[in-house]
Amino acid sequence: MDLGALATELRRITVAVLGDDHVSGSGVAWAPGWVVTNAHVARESHVTLQRADGTRAEARVMARDPEEDLALLHAPRLNGAEATLADNGEVRVGSLIVAVGHPFGVRGAMTAGVVHAVGPLVRGGRPWIQADLKLAPGNSGGPLADAHGRVIGVNTMVAGSLALAIPVSRVMRFVAKAR
C-alpha cells in the first residue's frame, strides 16, 4: 500500500468548505453535484466549496441535521471524483484508516491510525467509529477511509484522544432521506 497514492486519491474527493474565504471545514464529494459535511461546518444556507485543484463552486445547504451532525450540500457545478463507499461490516478494530481534511487551513493534510472501537461511547448512545488518529479544526466533515480509499465514515469531532466519525451507513441513510 502506497500512502502517498492513497492521499492523492482521497484529496480528489475531499473539498474545503469555505466561509468568508477561510476554511471552516471539509466535505466529501458524495455524488455528482452533492457533498456531505458536518452540520456544524455548514451553518449558513450557502457555502463555497473548493476542490484540491483550486476550482470553486457555490453550494446550497439542502438539509441539516444538527443531532446527527450531518449536512447535505448541492453544488451543480462541482464536477470530478466522488467517494467510493465501504460496507460498514468491513470496519474492524485494528484496521488501518486515514483521514484527509484541511486542519487549521492546511489544505489536503492526511493523518493515519487504526480503528480503536466501533459502537456507542455510552450505553444506548449512537454508534461511532472511534479512531486513534489526529483530527484538528478543519478536519470536520472530511472522509475517514480504509487502506483501499473507501470511505467508512465522516469525521466529526475529538473525544479525549480519540477521533470520532459517523459511520457510512448512518450517512447513507441521511443522504437518502435528504435527497
# chains A, B, ... in the order shown; residues from 1 in each chain; ligands from 1
$ select_by_dssp --residues "chain A" --states "strand (DSSP E or B)" --output "MDAnalysis selection string"
chainID A and resid 14:19 22:31 34:37 46:50 56:65 70:74 85 96:101 109:120 127:131 143:146 151:159 162:167
$ select_by_dssp --residues "region 58-151 of chain A" --states "helix (DSSP H, G or I)" --output "PyMOL selection string"
chain A and resi 88-90+103-105
$ write_last_selection --atoms "C-alpha atoms" --output "CSV table (one decimal), in the first residue's frame"
chain,number,residue,atom,x,y,z
A,88,ASN,CA,-19.9,-0.9,7.2
A,89,GLY,CA,-19.3,-4.6,8.0
A,90,GLU,CA,-15.7,-4.2,6.8
A,103,PRO,CA,-6.8,21.2,9.6
A,104,PHE,CA,-6.1,24.8,10.6
A,105,GLY,CA,-6.4,25.7,7.0
$ residues_around --residues "region 163-166 of chain A" --least-positions-apart "6" --cutoff "9 Å" --atoms "only C-alpha atoms" --output "count of residues only"
21
$ residues_around --residues "Ala57 (chain A)" --least-positions-apart "5" --cutoff "9 Å" --atoms "only C-alpha atoms" --output "VMD selection string"
chain A and resid 47 to 51 75 to 78
$ decode --residues "region 57-73 of chain A" --atoms "N, CA and C atoms" --output "short mmCIF file (atom, residue, chain, number, x, y, z; two decimals), in the first residue's frame"
data_model
loop_
_atom_site.label_atom_id
_atom_site.label_comp_id
_atom_site.auth_asym_id
_atom_site.auth_seq_id
_atom_site.Cartn_x
_atom_site.Cartn_y
_atom_site.Cartn_z
N ALA A 57 -16.85 26.22 -6.29
CA ALA A 57 -18.26 26.13 -6.67
C ALA A 57 -19.10 26.58 -5.50
N GLU A 58 -20.16 27.28 -5.82
CA GLU A 58 -21.12 27.68 -4.79
C GLU A 58 -22.03 26.50 -4.49
N ALA A 59 -22.39 26.33 -3.23
CA ALA A 59 -23.26 25.23 -2.84
C ALA A 59 -24.38 25.75 -1.95
N ARG A 60 -25.51 25.09 -2.08
CA ARG A 60 -26.67 25.40 -1.24
C ARG A 60 -26.82 24.27 -0.23
N VAL A 61 -27.06 24.62 1.01
CA VAL A 61 -27.30 23.62 2.03
C VAL A 61 -28.73 23.13 1.86
N MET A 62 -28.87 21.87 1.47
CA MET A 62 -30.18 21.29 1.19
C MET A 62 -30.82 20.65 2.42
N ALA A 63 -30.00 20.15 3.31
CA ALA A 63 -30.50 19.51 4.53
C ALA A 63 -29.43 19.60 5.61
N ARG A 64 -29.90 19.81 6.84
CA ARG A 64 -29.01 19.82 8.01
C ARG A 64 -29.68 19.04 9.12
N ASP A 65 -28.92 18.23 9.81
CA ASP A 65 -29.41 17.53 10.98
C ASP A 65 -28.38 17.74 12.09
N PRO A 66 -28.60 18.76 12.93
CA PRO A 66 -27.62 19.04 13.98
C PRO A 66 -27.43 17.89 14.96
N GLU A 67 -28.47 17.09 15.19
CA GLU A 67 -28.33 15.97 16.13
C GLU A 67 -27.39 14.90 15.56
N GLU A 68 -27.53 14.61 14.27
CA GLU A 68 -26.62 13.66 13.61
C GLU A 68 -25.30 14.33 13.23
N ASP A 69 -25.29 15.67 13.24
CA ASP A 69 -24.15 16.49 12.81
C ASP A 69 -23.79 16.21 11.35
N LEU A 70 -24.84 16.19 10.51
CA LEU A 70 -24.64 15.99 9.08
C LEU A 70 -25.36 17.07 8.29
N ALA A 71 -24.78 17.42 7.14
CA ALA A 71 -25.40 18.37 6.21
C ALA A 71 -25.16 17.87 4.80
N LEU A 72 -26.14 18.10 3.94
CA LEU A 72 -26.04 17.74 2.53
C LEU A 72 -26.05 19.02 1.71
N LEU A 73 -25.02 19.18 0.89
CA LEU A 73 -24.84 20.37 0.07
C LEU A 73 -25.06 20.03 -1.39
#
